[in-house]
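Shown next: coords_14.pdb, given as PDB, C-alpha atoms.
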```
MODEL        1
ATOM      1  CA  MET A 185       8.883 -12.426   2.892
ATOM      2  CA  THR A 186       5.613 -14.448   2.766
ATOM      3  CA  THR A 187       5.095 -18.111   2.286
ATOM      4  CA  PRO A 188       3.674 -18.730  -1.169
ATOM      5  CA  ALA A 189      -0.097 -18.577  -1.091
ATOM      6  CA  SER A 190      -2.132 -21.711  -1.627
ATOM      7  CA  PRO A 191      -3.919 -22.053  -4.985
ATOM      8  CA  TRP A 192      -7.239 -21.406  -3.208
ATOM      9  CA  ALA A 193      -5.958 -18.230  -1.548
ATOM     10  CA  GLN A 194      -4.319 -17.017  -4.752
ATOM     11  CA  GLU A 195      -7.482 -17.583  -6.756
ATOM     12  CA  HIS A 196      -9.576 -15.697  -4.200
ATOM     13  CA  ARG A 197      -7.057 -12.862  -4.186
ATOM     14  CA  LEU A 198      -7.246 -12.580  -7.965
ATOM     15  CA  ALA A 199     -11.031 -12.818  -7.914
ATOM     16  CA  GLY A 200     -11.166 -10.010  -5.387
ATOM     17  CA  LEU A 201      -8.737  -7.860  -7.385
ATOM     18  CA  ARG A 202     -10.734  -8.395 -10.580
ATOM     19  CA  ARG A 203     -13.920  -7.249  -8.887
ATOM     20  CA  PHE A 204     -12.201  -4.289  -7.238
ATOM     21  CA  ALA A 205     -10.756  -3.307 -10.626
ATOM     22  CA  PHE A 206     -14.126  -3.668 -12.329
ATOM     23  CA  ALA A 207     -15.913  -1.635  -9.658
ATOM     24  CA  ILE A 208     -13.429   1.255  -9.659
ATOM     25  CA  THR A 209     -13.382   1.307 -13.479
ATOM     26  CA  VAL A 210     -17.167   1.574 -13.647
ATOM     27  CA  LEU A 211     -17.139   4.270 -10.959
ATOM     28  CA  ASN A 212     -14.566   6.324 -12.879
ATOM     29  CA  LEU A 213     -16.431   5.973 -16.167
ATOM     30  CA  LEU A 214     -19.694   7.024 -14.530
ATOM     31  CA  GLY A 215     -17.895   9.738 -12.609
ATOM     32  CA  HIS A 216     -16.489  11.412 -15.718
ATOM     33  CA  THR A 217     -19.686  11.033 -17.741
ATOM     34  CA  VAL A 218     -22.571  11.204 -15.270
ATOM     35  CA  LEU A 219     -21.716  11.834 -11.631
ATOM     36  CA  GLY A 220     -19.717  15.047 -11.963
ATOM     37  CA  PHE A 221     -16.016  14.281 -11.523
ATOM     38  CA  GLU A 222     -14.120  17.533 -12.035
ATOM     39  CA  GLN A 223     -10.767  16.073 -13.131
ATOM     40  CA  SER A 224     -10.000  15.867 -16.836
ATOM     41  CA  TRP A 225     -10.020  12.602 -18.753
ATOM     42  CA  ALA A 226      -6.259  13.014 -19.198
ATOM     43  CA  GLN A 227      -5.600  12.537 -15.487
ATOM     44  CA  PRO A 228      -6.774   8.912 -15.101
ATOM     45  CA  LEU A 229      -5.064   8.033 -18.391
ATOM     46  CA  VAL A 230      -1.775   9.550 -17.216
ATOM     47  CA  ALA A 231      -2.114   7.837 -13.836
ATOM     48  CA  LEU A 232      -2.679   4.456 -15.479
ATOM     49  CA  ALA A 233       0.255   4.941 -17.840
ATOM     50  CA  THR A 234       2.457   5.703 -14.831
ATOM     51  CA  THR A 235       1.315   2.798 -12.671
ATOM     52  CA  TYR A 236       1.361   0.273 -15.523
ATOM     53  CA  GLY A 237       4.791   1.353 -16.740
ATOM     54  CA  LEU A 238       6.462   1.510 -13.336
ATOM     55  CA  GLU A 239       4.933  -1.777 -12.188
ATOM     56  CA  LEU A 240       6.241  -3.543 -15.290
ATOM     57  CA  VAL A 241       9.716  -1.995 -15.041
ATOM     58  CA  LEU A 242      10.098  -2.840 -11.345
ATOM     59  CA  GLU A 243       8.941  -6.411 -11.924
ATOM     60  CA  MET A 244      11.309  -6.845 -14.858
ATOM     61  CA  VAL A 245      14.238  -5.587 -12.766
ATOM     62  CA  GLY A 246      13.205  -7.697  -9.760
ATOM     63  CA  ALA A 247      12.806 -10.835 -11.852
ATOM     64  CA  LYS A 248      16.190 -10.337 -13.491
ATOM     65  CA  ALA A 249      17.892  -9.705 -10.138
ATOM     66  CA  GLY A 250      16.229 -12.733  -8.568
ATOM     67  CA  ARG A 251      16.706 -14.929 -11.641
ATOM     68  CA  ARG A 252      13.060 -15.836 -11.742
ATOM     69  CA  ARG A 253      10.215 -15.711 -14.208
ATOM     70  CA  PRO A 254       8.430 -12.335 -14.312
ATOM     71  CA  ARG A 255       4.961 -12.453 -12.823
ATOM     72  CA  TYR A 256       3.513 -10.788 -15.911
ATOM     73  CA  ALA A 257       4.666 -13.670 -18.123
ATOM     74  CA  GLY A 258       2.056 -16.122 -19.331
ATOM     75  CA  GLY A 259       0.322 -14.345 -22.176
ATOM     76  CA  ALA A 260      -2.466 -11.790 -22.104
ATOM     77  CA  LYS A 261      -4.149 -13.323 -19.042
ATOM     78  CA  GLY A 262      -0.937 -13.260 -17.017
ATOM     79  CA  LEU A 263      -0.323  -9.617 -17.958
ATOM     80  CA  PHE A 264      -3.933  -8.687 -17.180
ATOM     81  CA  ASP A 265      -3.854 -10.266 -13.729
ATOM     82  CA  PHE A 266      -0.452  -8.769 -12.956
ATOM     83  CA  LEU A 267      -1.624  -5.231 -13.752
ATOM     84  CA  LEU A 268      -4.843  -5.415 -11.727
ATOM     85  CA  SER A 269      -3.247  -3.880  -8.641
ATOM     86  CA  ALA A 270      -1.611  -1.099 -10.693
ATOM     87  CA  HIS A 271      -4.950  -0.439 -12.395
ATOM     88  CA  ILE A 272      -6.740   0.005  -9.065
ATOM     89  CA  THR A 273      -3.960   2.222  -7.706
ATOM     90  CA  GLY A 274      -3.870   4.478 -10.764
ATOM     91  CA  LEU A 275      -7.609   5.068 -10.829
ATOM     92  CA  ALA A 276      -7.790   5.611  -7.066
ATOM     93  CA  VAL A 277      -5.034   8.239  -7.184
ATOM     94  CA  SER A 278      -6.507  10.135 -10.133
ATOM     95  CA  MET A 279     -10.015   9.977  -8.675
ATOM     96  CA  LEU A 280      -9.127  11.244  -5.202
ATOM     97  CA  ILE A 281      -6.474  13.909  -5.882
ATOM     98  CA  TYR A 282      -7.479  17.320  -7.215
ATOM     99  CA  ALA A 283      -4.612  19.188  -8.886
ATOM    100  CA  ASN A 284      -6.626  21.469 -11.189
ATOM    101  CA  GLU A 285      -5.566  20.615 -14.753
ATOM    102  CA  ARG A 286      -1.969  19.708 -13.880
ATOM    103  CA  LEU A 287      -0.865  16.202 -14.788
ATOM    104  CA  TRP A 288       2.535  15.913 -13.107
ATOM    105  CA  PRO A 289       1.135  15.748  -9.517
ATOM    106  CA  ILE A 290      -0.967  12.779 -10.612
ATOM    107  CA  CYS A 291       2.124  11.135 -12.122
ATOM    108  CA  PHE A 292       4.075  11.846  -8.936
ATOM    109  CA  ALA A 293       1.425  10.354  -6.635
ATOM    110  CA  ALA A 294       1.050   7.289  -8.865
ATOM    111  CA  ALA A 295       4.831   6.780  -8.983
ATOM    112  CA  VAL A 296       5.142   7.063  -5.191
ATOM    113  CA  ALA A 297       2.290   4.585  -4.785
ATOM    114  CA  ILE A 298       3.864   1.925  -6.997
ATOM    115  CA  GLY A 299       7.423   2.650  -5.892
ATOM    116  CA  SER A 300       6.463   2.190  -2.233
ATOM    117  CA  LYS A 301       5.707  -1.460  -2.952
ATOM    118  CA  ALA A 302       9.336  -2.024  -3.917
ATOM    119  CA  VAL A 303      10.960   0.210  -1.291
ATOM    120  CA  PHE A 304       8.961  -0.312   1.908
ATOM    121  CA  ARG A 305       9.019  -4.051   2.483
ATOM    122  CA  VAL A 306       9.377  -6.299   5.514
ATOM    123  CA  ALA A 307      10.412  -9.924   5.874
ATOM    124  CA  HIS A 308       7.495 -12.304   6.192
ATOM    125  CA  GLY A 309       8.040 -16.048   5.933
ATOM    126  CA  GLU A 310      10.212 -16.956   2.977
ATOM    127  CA  THR A 311       9.692 -13.832   0.865
ATOM    128  CA  SER A 312       8.753 -10.204   1.633
ATOM    129  CA  ARG A 313       5.733  -7.966   1.427
ATOM    130  CA  HIS A 314       5.007  -4.245   1.273
ATOM    131  CA  PHE A 315       3.260  -2.743   4.270
ATOM    132  CA  PHE A 316       2.021   0.663   3.063
ATOM    133  CA  ASN A 317      -1.321   0.930   1.291
ATOM    134  CA  PRO A 318       0.054   2.116  -2.095
ATOM    135  CA  SER A 319      -2.610   4.559  -3.249
ATOM    136  CA  ASN A 320      -3.079   5.948   0.264
ATOM    137  CA  LEU A 321       0.666   6.581   0.650
ATOM    138  CA  GLY A 322       0.959   8.165  -2.783
ATOM    139  CA  ILE A 323      -1.899  10.533  -1.986
ATOM    140  CA  SER A 324      -0.585  11.302   1.513
ATOM    141  CA  VAL A 325       2.967  12.100   0.370
ATOM    142  CA  THR A 326       1.645  14.335  -2.415
ATOM    143  CA  LEU A 327      -0.611  16.247  -0.016
ATOM    144  CA  ILE A 328       2.310  16.819   2.376
ATOM    145  CA  LEU A 329       4.889  17.878  -0.216
ATOM    146  CA  PHE A 330       2.570  20.078  -2.282
ATOM    147  CA  PRO A 331       0.184  21.951   0.036
ATOM    148  CA  TRP A 332      -1.570  23.645  -2.896
ATOM    149  CA  ILE A 333      -2.879  20.241  -4.002
ATOM    150  CA  GLY A 334      -6.028  18.987  -2.333
ATOM    151  CA  LEU A 335      -8.429  16.108  -2.367
ATOM    152  CA  ALA A 336     -11.338  15.926  -4.754
ATOM    153  CA  PRO A 337     -14.299  17.726  -3.173
ATOM    154  CA  PRO A 338     -16.763  15.240  -1.644
ATOM    155  CA  TYR A 339     -19.682  16.667  -3.588
ATOM    156  CA  HIS A 340     -18.230  15.742  -6.968
ATOM    157  CA  PHE A 341     -18.942  12.056  -6.376
ATOM    158  CA  THR A 342     -22.678  12.809  -6.466
ATOM    159  CA  GLU A 343     -22.830  16.298  -7.971
ATOM    160  CA  ASN A 344     -25.254  15.306 -10.727
ATOM    161  CA  VAL A 345     -27.177  12.695  -8.742
ATOM    162  CA  VAL A 346     -30.784  13.527  -7.911
ATOM    163  CA  GLY A 347     -33.899  11.814  -6.654
ATOM    164  CA  ALA A 348     -33.790   8.138  -5.771
ATOM    165  CA  TRP A 349     -30.166   7.892  -6.874
ATOM    166  CA  ASP A 350     -29.196   9.857  -3.764
ATOM    167  CA  TRP A 351     -29.936   6.608  -1.929
ATOM    168  CA  LEU A 352     -29.366   4.005  -4.636
ATOM    169  CA  LEU A 353     -25.761   4.938  -5.441
ATOM    170  CA  PRO A 354     -24.505   4.686  -1.827
ATOM    171  CA  ALA A 355     -26.522   1.481  -1.454
ATOM    172  CA  VAL A 356     -24.756  -0.014  -4.473
ATOM    173  CA  ILE A 357     -21.342   0.967  -3.061
ATOM    174  CA  VAL A 358     -22.146  -0.557   0.332
ATOM    175  CA  ALA A 359     -23.659  -3.738  -1.150
ATOM    176  CA  SER A 360     -20.841  -4.365  -3.627
ATOM    177  CA  GLY A 361     -18.153  -3.498  -1.084
ATOM    178  CA  THR A 362     -19.696  -5.747   1.544
ATOM    179  CA  PHE A 363     -19.921  -8.643  -0.923
ATOM    180  CA  ILE A 364     -16.320  -8.312  -2.106
ATOM    181  CA  ASN A 365     -14.935  -7.989   1.427
ATOM    182  CA  ALA A 366     -17.046 -10.857   2.753
ATOM    183  CA  ARG A 367     -16.504 -13.246  -0.153
ATOM    184  CA  PHE A 368     -12.933 -12.531  -1.233
ATOM    185  CA  THR A 369     -10.826 -10.265   0.991
ATOM    186  CA  LYS A 370     -12.349 -11.510   4.288
ATOM    187  CA  ARG A 371     -12.025  -8.019   5.786
ATOM    188  CA  LEU A 372     -15.439  -7.487   7.377
ATOM    189  CA  PRO A 373     -13.939  -7.566  10.925
ATOM    190  CA  LEU A 374     -11.621  -4.735   9.891
ATOM    191  CA  ILE A 375     -14.560  -2.702   8.587
ATOM    192  CA  ALA A 376     -16.439  -3.354  11.819
ATOM    193  CA  GLY A 377     -13.456  -2.237  13.911
ATOM    194  CA  TRP A 378     -13.038   0.901  11.799
ATOM    195  CA  LEU A 379     -16.718   1.896  11.963
ATOM    196  CA  LEU A 380     -17.030   1.195  15.692
ATOM    197  CA  GLY A 381     -13.812   3.114  16.326
ATOM    198  CA  PHE A 382     -15.062   6.010  14.198
ATOM    199  CA  VAL A 383     -18.241   6.232  16.253
ATOM    200  CA  LEU A 384     -16.291   6.091  19.529
ATOM    201  CA  GLN A 385     -13.711   8.715  18.527
ATOM    202  CA  ALA A 386     -16.564  11.100  17.758
ATOM    203  CA  VAL A 387     -18.006  10.556  21.235
ATOM    204  CA  VAL A 388     -14.590  11.069  22.857
ATOM    205  CA  ARG A 389     -14.017  14.291  20.911
ATOM    206  CA  SER A 390     -17.458  15.467  21.954
ATOM    207  CA  VAL A 391     -16.695  14.844  25.629
ATOM    208  CA  LEU A 392     -13.203  16.354  25.570
ATOM    209  CA  GLN A 393     -13.619  19.183  23.091
ATOM    210  CA  GLY A 394     -17.333  19.837  22.933
ATOM    211  CA  THR A 395     -17.600  18.805  19.288
ATOM    212  CA  PRO A 396     -21.251  18.047  18.435
ATOM    213  CA  VAL A 397     -21.503  14.292  17.971
ATOM    214  CA  ALA A 398     -23.737  14.679  14.921
ATOM    215  CA  ALA A 399     -21.113  16.888  13.252
ATOM    216  CA  ALA A 400     -18.317  14.409  14.057
ATOM    217  CA  TRP A 401     -20.366  11.608  12.504
ATOM    218  CA  MET A 402     -21.224  13.632   9.404
ATOM    219  CA  PRO A 403     -18.428  12.190   7.162
ATOM    220  CA  VAL A 404     -20.202   8.817   7.278
ATOM    221  CA  THR A 405     -22.939  10.250   5.040
ATOM    222  CA  GLY A 406     -20.538  10.983   2.186
ATOM    223  CA  LEU A 407     -19.780   8.670  -0.719
ATOM    224  CA  ALA A 408     -16.054   9.350  -0.289
ATOM    225  CA  PHE A 409     -16.225   7.867   3.218
ATOM    226  CA  LEU A 410     -17.940   4.746   1.868
ATOM    227  CA  LEU A 411     -15.286   4.316  -0.820
ATOM    228  CA  TYR A 412     -12.557   4.702   1.791
ATOM    229  CA  THR A 413     -14.280   2.187   4.083
ATOM    230  CA  PHE A 414     -15.002  -0.546   1.571
ATOM    231  CA  TYR A 415     -12.311  -0.068  -1.070
ATOM    232  CA  MET A 416      -9.203   1.501   0.509
ATOM    233  CA  ILE A 417      -8.747   0.617   4.159
ATOM    234  CA  THR A 418      -9.520  -3.040   3.388
ATOM    235  CA  ASP A 419      -6.517  -3.635   1.105
ATOM    236  CA  PRO A 420      -5.735  -7.309   1.873
ATOM    237  CA  ALA A 421      -2.032  -6.978   1.028
ATOM    238  CA  THR A 422      -1.381  -4.366   3.739
ATOM    239  CA  THR A 423      -3.801  -5.355   6.509
ATOM    240  CA  PRO A 424      -3.852  -8.302   8.947
ATOM    241  CA  SER A 425      -5.569 -11.576   8.089
ATOM    242  CA  ASP A 426      -6.446 -12.580  11.652
ATOM    243  CA  PRO A 427      -9.973 -11.300  12.507
ATOM    244  CA  ARG A 428      -8.988  -9.961  15.941
ATOM    245  CA  ALA A 429      -5.957  -8.186  14.485
ATOM    246  CA  GLN A 430      -8.217  -6.737  11.795
ATOM    247  CA  VAL A 431     -10.515  -5.225  14.424
ATOM    248  CA  ILE A 432      -7.498  -3.707  16.194
ATOM    249  CA  PHE A 433      -6.153  -2.348  12.895
ATOM    250  CA  GLY A 434      -9.461  -0.718  11.964
ATOM    251  CA  ALA A 435      -9.960   0.731  15.447
ATOM    252  CA  SER A 436      -6.392   2.055  15.403
ATOM    253  CA  VAL A 437      -7.016   3.926  12.151
ATOM    254  CA  ALA A 438     -10.142   5.459  13.723
ATOM    255  CA  ALA A 439      -8.207   6.462  16.850
ATOM    256  CA  ALA A 440      -5.433   8.025  14.761
ATOM    257  CA  TYR A 441      -8.040   9.894  12.736
ATOM    258  CA  GLY A 442      -9.648  11.225  15.920
ATOM    259  CA  VAL A 443      -6.302  12.499  17.207
ATOM    260  CA  LEU A 444      -5.445  14.171  13.889
ATOM    261  CA  VAL A 445      -8.812  15.897  13.685
ATOM    262  CA  ALA A 446      -8.546  16.987  17.330
ATOM    263  CA  VAL A 447      -5.259  18.783  16.581
ATOM    264  CA  HIS A 448      -6.719  20.283  13.371
ATOM    265  CA  VAL A 449      -4.818  18.224  10.804
ATOM    266  CA  VAL A 450      -6.714  18.096   7.519
ATOM    267  CA  PHE A 451      -7.028  15.003   5.320
ATOM    268  CA  GLY A 452      -7.032  12.912   8.511
ATOM    269  CA  LEU A 453      -8.469   9.781   6.892
ATOM    270  CA  PHE A 454      -5.445   9.333   4.632
ATOM    271  CA  PHE A 455      -2.778  10.309   7.139
ATOM    272  CA  ALA A 456      -4.303   8.056   9.813
ATOM    273  CA  LEU A 457      -4.115   4.994   7.571
ATOM    274  CA  ALA A 458      -0.537   5.831   6.551
ATOM    275  CA  TRP A 459       0.566   6.115  10.202
ATOM    276  CA  VAL A 460      -1.076   2.842  11.225
ATOM    277  CA  CYS A 461       0.455   1.035   8.225
ATOM    278  CA  LEU A 462       3.859   2.449   9.215
ATOM    279  CA  LEU A 463       3.503   1.290  12.827
ATOM    280  CA  ARG A 464       2.343  -2.154  11.682
ATOM    281  CA  GLY A 465       5.336  -2.409   9.346
ATOM    282  CA  ILE A 466       7.714  -1.483  12.168
ATOM    283  CA  GLY A 467       6.045  -4.087  14.388
ATOM    284  CA  ILE A 468       6.455  -6.809  11.752
ATOM    285  CA  TRP A 469      10.103  -5.820  11.256
ATOM    286  CA  VAL A 470      10.822  -5.898  15.006
ATOM    287  CA  ARG A 471       9.188  -9.330  15.397
ATOM    288  CA  ALA A 472      11.189 -10.677  12.471
ATOM    289  CA  LEU A 473      14.418  -9.256  13.916
ATOM    290  CA  LEU A 474      13.737 -10.732  17.366
ATOM    291  CA  GLY A 475      12.879 -14.052  15.752
ATOM    292  CA  MET A 476      16.174 -14.083  13.839
ATOM    293  CA  ARG A 477      18.120 -13.312  17.014
ATOM    294  CA  SER A 478      16.232 -15.982  18.945
ATOM    295  CA  ARG A 479      16.975 -18.590  16.275
ATOM    296  CA  ALA A 480      20.617 -17.518  16.141
ATOM    297  CA  ALA A 481      20.919 -17.829  19.943
ATOM    298  CA  ALA A 482      19.260 -21.258  19.852
ATOM    299  CA  SER A 483      21.669 -22.406  17.154
ATOM    300  CA  GLU A 484      24.618 -21.146  19.146
ATOM    301  CA  ALA A 485      23.389 -23.000  22.241
ATOM    302  CA  VAL A 486      22.998 -26.218  20.271
ATOM    303  CA  ARG A 487      26.527 -25.894  18.886
ATOM    304  CA  ALA A 488      27.913 -25.213  22.386
ATOM    305  CA  VAL A 489      26.220 -28.329  23.752
ATOM    306  CA  ALA A 490      27.468 -30.406  20.830
ATOM    307  CA  GLU A 491      31.037 -29.297  21.461
TER     308      GLU A 491
ENDMDL
END
```
Re-express the file's structure as structure tokens.
Amino acid sequence: MTTPASPWAQEHRLAGLRRFAFAITVLNLLGHTVLGFEQSWAQPLVALATTYGLELVLEMVGAKAGRRRPRYAGGAKGLFDFLLSAHITGLAVSMLIYANERLWPICFAAAVAIGSKAVFRVAHGETSRHFFNPSNLGISVTLILFPWIGLAPPYHFTENVVGAWDWLLPAVIVASGTFINARFTKRLPLIAGWLLGFVLQAVVRSVLQGTPVAAAWMPVTGLAFLLYTFYMITDPATTPSDPRAQVIFGASVAAAYGVLVAVHVVFGLFFALAWVCLLRGIGIWVRALLGMRSRAAASEAVRAVAE
């Protein structure tokens, strides 16, 4: 459970979410009309219907159980801001999963993503927070349970891009992602830790396994890697706020990725982030449990002295 955010922090969070939502919406529109996305238009629409609907239902149930005002209350603006996270999750899932023309795997991944926010929570301050990156977990669980489903091929992000746009499009992604993470999410240390760790894991794999360093670094050149770096791994709700902890988090994801690739596990980027989020959640839970026991022991000692 987290202490309520200050108005400044809340406003910056919303500003960041609005820009994330705008960026991923533009990317999906361009992807389906210009860039070469191979999924059907029905898939993002189904994903959004799933994430919107489940987010609203879970909030309605939670508000009723907690006897509080639903967070989507407050007119059109309140509903819009409440659904920003679901909007980002739905588009990310539909953009990154490739299930041929099937719609139900997209619905499943979107439902797991949103449902994880209600199921996997840890105490933090006076409230609670989810610790899995929603879209990453939804994608990861779907890939594990349904091996015939894969990720969207990297080339489809730039399949129809030629000429100067081969450089301009990645530059736009990097510039916009850097701005959002510097101005709003404050996650540049995490990005630095992730990129440095990615470089180092490639060197380690080269030394231990003979993998050509250039080949191990090759994913960095893809647009999918840039989207993962600037728009997925930096989720402020499921990553540390302290700069040093951010560096450790990013480096840990890189280390986990290196291990998974070394043992020939595919889709390592997504599984690595899921594992690190899980370990971080367990760590937060253990600290909270130890803190509760420490406070209980202190209270007991005070009562013993008083008697």
If you measure from atom CA of A:Gln430 to atom CA of A:Met416, what distance in Å do you get, rounded to one decimal? 14.0 Å
Residues within 12 Å of A:Thr273, only C-alpha atoms, excluding chain neighbours under 6 positions, as a PyMOL selection string: chain A and resi 201+204-205+208-209+228+231-236+238-239+267+279-280+290-291+293-301+317-323+415-416+419
Best match for closeness to A:Leu379 among A:Ser478, A:Ser224, A:Gln393, A:Thr413, counting all atoms listed in the file: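 For A:Leu379, the nearest of the candidates is A:Thr413.
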Specify as an MDAnalysis selection string each residue included when the PyMOL selection byres ((chain A and resi 333-342) around 8) is applied to this file. chainID A and resid 215 219:222 279:283 326:327 330:332 343:345 350 406:408 451
Would you work out the distance separating atom CA of A:Ala435 from atom CA of A:Leu211, expressed in Å to one decimal?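 Those two atoms sit 27.6 Å apart.
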Could you tell me which residues the PyMOL selection byres ((chain A and resi 380) around 12) grabs in this file, written as a list in words? Pro373, Leu374, Ile375, Ala376, Gly377, Trp378, Leu379, Gly381, Phe382, Val383, Leu384, Gln385, Ala386, Val387, Trp401, Val404, Thr413, Val431, Ile432, Phe433, Gly434, Ala435, Ser436, Val437, Ala438 and Ala439 of chain A
Any idea what's packed within 8 Å of stretch 351-366 of chain A, counting only C-alpha atoms, ignoring anything in its chain fewer than 2 positions away? Could you give it as an mmCIF file with C-alpha atoms, in the coordinates of the input?
```cif
data_model
loop_
_atom_site.group_PDB
_atom_site.id
_atom_site.type_symbol
_atom_site.label_atom_id
_atom_site.label_comp_id
_atom_site.auth_asym_id
_atom_site.auth_seq_id
_atom_site.Cartn_x
_atom_site.Cartn_y
_atom_site.Cartn_z
ATOM 1 C CA GLY A 200 -11.166 -10.010 -5.387
ATOM 2 C CA ARG A 203 -13.920 -7.249 -8.887
ATOM 3 C CA PHE A 204 -12.201 -4.289 -7.238
ATOM 4 C CA ALA A 348 -33.790 8.138 -5.771
ATOM 5 C CA TRP A 349 -30.166 7.892 -6.874
ATOM 6 C CA PHE A 368 -12.933 -12.531 -1.233
ATOM 7 C CA THR A 369 -10.826 -10.265 0.991
ATOM 8 C CA LYS A 370 -12.349 -11.510 4.288
ATOM 9 C CA ARG A 371 -12.025 -8.019 5.786
ATOM 10 C CA LEU A 372 -15.439 -7.487 7.377
ATOM 11 C CA LEU A 407 -19.780 8.670 -0.719
ATOM 12 C CA LEU A 410 -17.940 4.746 1.868
ATOM 13 C CA LEU A 411 -15.286 4.316 -0.820
ATOM 14 C CA PHE A 414 -15.002 -0.546 1.571
ATOM 15 C CA TYR A 415 -12.311 -0.068 -1.070
ATOM 16 C CA THR A 418 -9.520 -3.040 3.388
#
```
Please identify all polymer residues within 8 Å of stretch 244-255 of chain A, counting all atoms listed in the file, omitting same-chain residues fewer than 5 positions from it, and present them as a PyMOL selection string. chain A and resi 262-263+266
For the residues selected in the previous step, produce a file with C-alpha atoms as a CSV table (one decimal), in the frame of the given file.
```csv
chain,number,residue,atom,x,y,z
A,262,GLY,CA,-0.9,-13.3,-17.0
A,263,LEU,CA,-0.3,-9.6,-18.0
A,266,PHE,CA,-0.5,-8.8,-13.0
```
Which of these, A:Ser269, A:Thr422, A:Thr395, A:Gln227, has the shortest distance to A:Trp288 once you count only C-alpha atoms?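 Using only C-alpha atoms, the shortest distance to A:Trp288 belongs to A:Gln227.
Straight-line separation from atom CA of A:Ala226 to atom CA of A:Ile272: 16.5 Å.
If all atoms listed in the file are the atoms counted, then among A:Ala456, A:Ala307, A:Val397, A:Met402 the closest residue to A:Met476 is A:Ala307.
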Explicit residues for the PyMOL selection byres ((chain A and resi 452) around 10) (as number ranges by chain): A: 324, 437-438, 440-446, 448-451, 453-458
